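One file, model.cif, is given below (mmCIF, C-alpha atoms and all ligand atoms).
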data_work
loop_
_atom_site.group_PDB
_atom_site.id
_atom_site.type_symbol
_atom_site.label_atom_id
_atom_site.label_comp_id
_atom_site.auth_asym_id
_atom_site.auth_seq_id
_atom_site.Cartn_x
_atom_site.Cartn_y
_atom_site.Cartn_z
ATOM 1 C CA MET A 19 43.522 65.449 -8.376
ATOM 2 C CA ASP A 20 41.220 65.651 -5.413
ATOM 3 C CA HIS A 21 43.451 64.937 -2.465
ATOM 4 C CA ILE A 22 41.526 67.122 -0.124
ATOM 5 C CA LYS A 23 37.803 67.406 -0.662
ATOM 6 C CA LYS A 24 36.705 70.259 1.571
ATOM 7 C CA ILE A 25 37.016 71.840 4.977
ATOM 8 C CA GLU A 26 35.215 69.280 7.085
ATOM 9 C CA HIS A 27 35.217 71.356 10.244
ATOM 10 C CA LEU A 28 36.968 73.997 12.299
ATOM 11 C CA GLY A 29 37.948 72.989 15.815
ATOM 12 C CA ILE A 30 37.571 75.628 18.509
ATOM 13 C CA ALA A 31 39.065 75.183 21.974
ATOM 14 C CA VAL A 32 36.696 76.297 24.741
ATOM 15 C CA LYS A 33 36.901 76.274 28.513
ATOM 16 C CA ASP A 34 33.290 75.424 29.284
ATOM 17 C CA ILE A 35 31.460 73.187 26.820
ATOM 18 C CA ASN A 36 27.975 73.991 28.155
ATOM 19 C CA ALA A 37 28.477 77.744 28.024
ATOM 20 C CA ALA A 38 30.045 77.463 24.561
ATOM 21 C CA ASN A 39 27.190 75.266 23.312
ATOM 22 C CA LYS A 40 24.703 77.961 24.319
ATOM 23 C CA LEU A 41 26.769 80.706 22.760
ATOM 24 C CA TYR A 42 27.266 78.891 19.448
ATOM 25 C CA GLU A 43 23.617 77.912 19.347
ATOM 26 C CA LYS A 44 22.815 81.618 19.588
ATOM 27 C CA LEU A 45 25.421 82.483 16.965
ATOM 28 C CA LEU A 46 24.492 79.789 14.450
ATOM 29 C CA GLY A 47 20.785 79.472 15.133
ATOM 30 C CA VAL A 48 20.956 75.686 15.521
ATOM 31 C CA PRO A 49 21.745 73.459 18.501
ATOM 32 C CA PRO A 50 24.683 71.028 18.367
ATOM 33 C CA TYR A 51 23.673 67.833 16.605
ATOM 34 C CA LYS A 52 26.044 65.730 18.626
ATOM 35 C CA GLN A 53 28.098 65.788 21.801
ATOM 36 C CA GLU A 54 30.763 63.177 22.270
ATOM 37 C CA ALA A 55 33.651 62.426 24.627
ATOM 38 C CA VAL A 56 36.965 61.221 23.195
ATOM 39 C CA GLU A 57 38.677 59.521 26.131
ATOM 40 C CA SER A 58 42.066 59.132 24.454
ATOM 41 C CA GLU A 59 42.282 62.917 23.896
ATOM 42 C CA ALA A 60 40.696 63.888 27.220
ATOM 43 C CA VAL A 61 38.100 66.035 25.464
ATOM 44 C CA ILE A 62 34.402 66.571 25.201
ATOM 45 C CA THR A 63 33.381 67.697 21.745
ATOM 46 C CA SER A 64 30.197 69.058 20.290
ATOM 47 C CA PHE A 65 29.355 69.536 16.651
ATOM 48 C CA PHE A 66 27.291 72.116 14.797
ATOM 49 C CA LYS A 67 26.388 71.943 11.121
ATOM 50 C CA VAL A 68 27.088 75.051 9.083
ATOM 51 C CA GLY A 69 26.162 74.362 5.476
ATOM 52 C CA GLU A 70 28.416 71.544 4.357
ATOM 53 C CA SER A 71 31.050 72.289 6.992
ATOM 54 C CA LYS A 72 30.936 71.925 10.743
ATOM 55 C CA ILE A 73 32.124 73.632 13.868
ATOM 56 C CA GLU A 74 33.640 71.385 16.523
ATOM 57 C CA LEU A 75 33.870 72.743 20.043
ATOM 58 C CA LEU A 76 36.492 71.050 22.214
ATOM 59 C CA ALA A 77 36.752 71.282 25.982
ATOM 60 C CA SER A 78 39.325 69.493 28.071
ATOM 61 C CA THR A 79 38.329 66.949 30.669
ATOM 62 C CA LYS A 80 41.808 67.174 32.239
ATOM 63 C CA GLU A 81 44.023 70.179 32.828
ATOM 64 C CA ASP A 82 47.020 68.416 31.293
ATOM 65 C CA GLY A 83 45.141 67.104 28.238
ATOM 66 C CA PRO A 84 46.013 68.529 24.801
ATOM 67 C CA ILE A 85 43.162 71.058 24.830
ATOM 68 C CA GLY A 86 43.845 72.041 28.445
ATOM 69 C CA LYS A 87 47.465 72.736 27.547
ATOM 70 C CA PHE A 88 46.477 74.647 24.415
ATOM 71 C CA ILE A 89 44.135 76.938 26.372
ATOM 72 C CA ALA A 90 46.714 77.474 29.115
ATOM 73 C CA LYS A 91 49.224 78.605 26.488
ATOM 74 C CA LYS A 92 47.105 80.457 23.931
ATOM 75 C CA GLY A 93 43.667 80.914 25.450
ATOM 76 C CA GLU A 94 40.405 79.904 23.832
ATOM 77 C CA GLY A 95 40.141 80.082 20.062
ATOM 78 C CA ILE A 96 40.638 78.243 16.793
ATOM 79 C CA HIS A 97 42.549 75.068 17.496
ATOM 80 C CA HIS A 98 42.634 73.232 14.165
ATOM 81 C CA ILE A 99 41.336 73.028 10.609
ATOM 82 C CA ALA A 100 40.081 69.639 9.515
ATOM 83 C CA PHE A 101 40.102 68.578 5.884
ATOM 84 C CA ASP A 102 37.955 65.802 4.532
ATOM 85 C CA VAL A 103 39.965 63.250 2.550
ATOM 86 C CA GLU A 104 38.987 60.248 0.484
ATOM 87 C CA ASP A 105 41.804 57.972 1.639
ATOM 88 C CA ILE A 106 43.572 59.034 4.812
ATOM 89 C CA HIS A 107 46.370 56.446 4.536
ATOM 90 C CA LYS A 108 47.243 57.609 1.042
ATOM 91 C CA GLU A 109 47.159 61.269 2.091
ATOM 92 C CA LEU A 110 49.465 60.642 5.053
ATOM 93 C CA THR A 111 51.959 58.912 2.786
ATOM 94 C CA ARG A 112 51.729 61.730 0.240
ATOM 95 C CA LEU A 113 52.079 64.541 2.770
ATOM 96 C CA GLU A 114 54.985 62.900 4.563
ATOM 97 C CA ALA A 115 56.765 62.533 1.215
ATOM 98 C CA GLU A 116 56.078 66.255 0.621
ATOM 99 C CA GLY A 117 57.943 67.034 3.831
ATOM 100 C CA PHE A 118 55.076 67.683 6.224
ATOM 101 C CA GLN A 119 55.658 66.663 9.807
ATOM 102 C CA LEU A 120 53.031 64.133 10.834
ATOM 103 C CA ILE A 121 51.923 63.941 14.443
ATOM 104 C CA ASN A 122 50.129 60.657 13.724
ATOM 105 C CA LYS A 123 51.721 58.334 11.197
ATOM 106 C CA GLU A 124 48.739 56.044 11.552
ATOM 107 C CA PRO A 125 45.170 57.353 11.655
ATOM 108 C CA LYS A 126 43.250 56.908 14.879
ATOM 109 C CA GLN A 127 39.623 56.857 15.923
ATOM 110 C CA GLY A 128 38.331 60.428 16.259
ATOM 111 C CA ALA A 129 35.004 61.965 17.159
ATOM 112 C CA ASP A 130 32.005 61.982 14.808
ATOM 113 C CA ASN A 131 32.684 58.534 13.316
ATOM 114 C CA LYS A 132 35.961 59.547 11.684
ATOM 115 C CA LEU A 133 39.452 58.259 11.233
ATOM 116 C CA VAL A 134 41.740 61.181 11.963
ATOM 117 C CA ALA A 135 45.412 62.164 11.891
ATOM 118 C CA PHE A 136 47.135 65.441 12.673
ATOM 119 C CA ILE A 137 49.909 67.381 10.938
ATOM 120 C CA HIS A 138 52.248 69.434 13.086
ATOM 121 C CA PRO A 139 51.697 73.219 12.961
ATOM 122 C CA LYS A 140 55.476 73.666 12.604
ATOM 123 C CA SER A 141 55.153 72.449 9.040
ATOM 124 C CA THR A 142 51.902 74.272 8.168
ATOM 125 C CA ASN A 143 52.515 77.937 9.029
ATOM 126 C CA GLY A 144 51.375 77.553 12.603
ATOM 127 C CA VAL A 145 48.060 75.847 11.909
ATOM 128 C CA LEU A 146 47.287 72.449 13.358
ATOM 129 C CA VAL A 147 45.805 70.461 10.476
ATOM 130 C CA GLU A 148 43.570 67.438 10.918
ATOM 131 C CA LEU A 149 42.856 65.006 8.123
ATOM 132 C CA CYS A 150 39.665 63.053 8.505
ATOM 133 C CA GLN A 151 37.978 60.288 6.641
ATOM 134 C CA GLU A 152 34.437 59.154 7.229
ATOM 135 C CA ARG A 153 34.271 55.577 8.516
ATOM 136 C CA ASN A 154 31.898 53.404 6.552
HETATM 137 ZN ZN ZN B 201 38.564 68.076 14.701
#

Render the structure in this file as structure tokens.
Ligand code: ZN
Amino acid sequence: MDHIKKIEHLGIAVKDINAANKLYEKLLGVPPYKQEAVESEAVITSFFKVGESKIELLASTKEDGPIGKFIAKKGEGIHHIAFDVEDIHKELTRLEAEGFQLINKEPKQGADNKLVAFIHPKSTNGVLVELCQERN
């Protein structure tokens, strides 16, 4: 059974994407390999490779966007864990049947060429979980 393949990335909410890019470049020793805006989520993201996982920095483009609200409430920090899955539709069906509360019943277009869907932290011990599947 390989429902979930690996931790694809950790999402970190930051206030200032340029300052955070510099800081994480210093920390990780590599520059981000990609920066990308996701209009629907009102975020700018940048991605760093760390072995076979990634770090995703997320900054809000609007105060009332999801990341803006998160930072206002909790401050900067880890925002979500993303798991790589083979078949996101199948996983959503499975996890809903297991009693997890889905934020997205249907996957949507995410950053980094992925289909993504989120699971509510209420049903995962306070951790926002993202499922993602590489688009072919
Ligand atoms: Zn993510």

*Run the PyMOL selection byres (((chain A and resi 36) around 12) and not hetatm) against the file shown and list the residues it catches, as a list in words.*
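Output from the PyMOL selection byres (((chain A and resi 36) around 12) and not hetatm), applied to this file: Val32, Lys33, Asp34, Ile35, Ala37, Ala38, Asn39, Lys40, Leu41, Tyr42, Glu43, Pro49, Pro50, Gln53, Ile62, Thr63, Ser64, Leu75, Leu76 and Ala77 of chain A.
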
*So how many Å separate CA of Gly86 (chain A) and CA of Ile137 (chain A), to one decimal?*
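CA of Gly86 (chain A) sits 19.1 Å away from CA of Ile137 (chain A).
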
*Which of these, A:His107, A:His21, A:Lys91, A:Lys72, has the shortest distance to ligand ZN 201 (chain B) once you count all atoms listed in the file?*
A:Lys72

*A:Cys150, A:Ala55, A:Ile22, A:Ile121: which is nearest ligand ZN 201 (chain B), counting all atoms listed in the file?*
A:Cys150

_How would you report the residues lying within 12 Å of ligand ZN 201 (chain B), as number ranges by chain, if you count only C-alpha atoms and all ligand atoms?_
A: 25-31, 54, 56, 59, 61-66, 71-77, 85, 96-102, 127-137, 146-151

Reconstruct region 65-82 of chain A at the level of N, CA, C and O atoms, and format the result as a short mmCIF file (atom, residue, chain, number, x, y, z; two decimals), in the frame of the given file.
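Contents of result36.cif, freshly written:
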data_model
loop_
_atom_site.label_atom_id
_atom_site.label_comp_id
_atom_site.auth_asym_id
_atom_site.auth_seq_id
_atom_site.Cartn_x
_atom_site.Cartn_y
_atom_site.Cartn_z
N PHE A 65 29.32 69.21 18.08
CA PHE A 65 29.36 69.54 16.65
C PHE A 65 28.11 70.29 16.22
O PHE A 65 26.99 69.92 16.57
N PHE A 66 28.36 71.32 15.41
CA PHE A 66 27.29 72.12 14.80
C PHE A 66 27.45 72.02 13.28
O PHE A 66 28.57 72.10 12.77
N LYS A 67 26.34 71.91 12.59
CA LYS A 67 26.39 71.94 11.12
C LYS A 67 26.27 73.38 10.64
O LYS A 67 25.41 74.12 11.09
N VAL A 68 27.16 73.74 9.72
CA VAL A 68 27.09 75.05 9.08
C VAL A 68 27.22 74.80 7.59
O VAL A 68 28.33 74.62 7.09
N GLY A 69 26.10 74.74 6.89
CA GLY A 69 26.16 74.36 5.48
C GLY A 69 26.79 73.00 5.36
O GLY A 69 26.41 72.08 6.08
N GLU A 70 27.80 72.87 4.49
CA GLU A 70 28.42 71.54 4.36
C GLU A 70 29.65 71.39 5.24
O GLU A 70 30.32 70.36 5.20
N SER A 71 29.96 72.41 6.03
CA SER A 71 31.05 72.29 6.99
C SER A 71 30.48 72.22 8.40
O SER A 71 29.28 72.32 8.60
N LYS A 72 31.36 72.04 9.36
CA LYS A 72 30.94 71.92 10.74
C LYS A 72 31.85 72.75 11.64
O LYS A 72 32.96 73.08 11.27
N ILE A 73 31.32 73.04 12.79
CA ILE A 73 32.12 73.63 13.87
C ILE A 73 32.22 72.58 14.96
O ILE A 73 31.20 72.00 15.36
N GLU A 74 33.43 72.31 15.42
CA GLU A 74 33.64 71.39 16.52
C GLU A 74 34.14 72.18 17.73
O GLU A 74 35.17 72.83 17.65
N LEU A 75 33.39 72.13 18.81
CA LEU A 75 33.87 72.74 20.04
C LEU A 75 34.58 71.66 20.85
O LEU A 75 34.11 70.52 20.93
N LEU A 76 35.73 72.02 21.42
CA LEU A 76 36.49 71.05 22.21
C LEU A 76 36.79 71.63 23.59
O LEU A 76 37.35 72.72 23.69
N ALA A 77 36.41 70.88 24.61
CA ALA A 77 36.75 71.28 25.98
C ALA A 77 37.52 70.14 26.62
O ALA A 77 37.23 68.96 26.37
N SER A 78 38.48 70.50 27.45
CA SER A 78 39.33 69.49 28.07
C SER A 78 38.64 68.88 29.29
O SER A 78 37.96 69.57 30.04
N THR A 79 38.83 67.59 29.45
CA THR A 79 38.33 66.95 30.67
C THR A 79 39.43 66.87 31.72
O THR A 79 39.18 66.53 32.86
N LYS A 80 40.66 67.17 31.31
CA LYS A 80 41.81 67.17 32.24
C LYS A 80 42.65 68.41 31.96
O LYS A 80 42.82 68.80 30.81
N GLU A 81 43.22 68.98 33.02
CA GLU A 81 44.02 70.18 32.83
C GLU A 81 45.24 69.92 31.93
O GLU A 81 45.66 70.78 31.17
N ASP A 82 45.80 68.71 32.05
CA ASP A 82 47.02 68.42 31.29
C ASP A 82 46.74 67.68 29.97
O ASP A 82 47.64 67.15 29.35
#
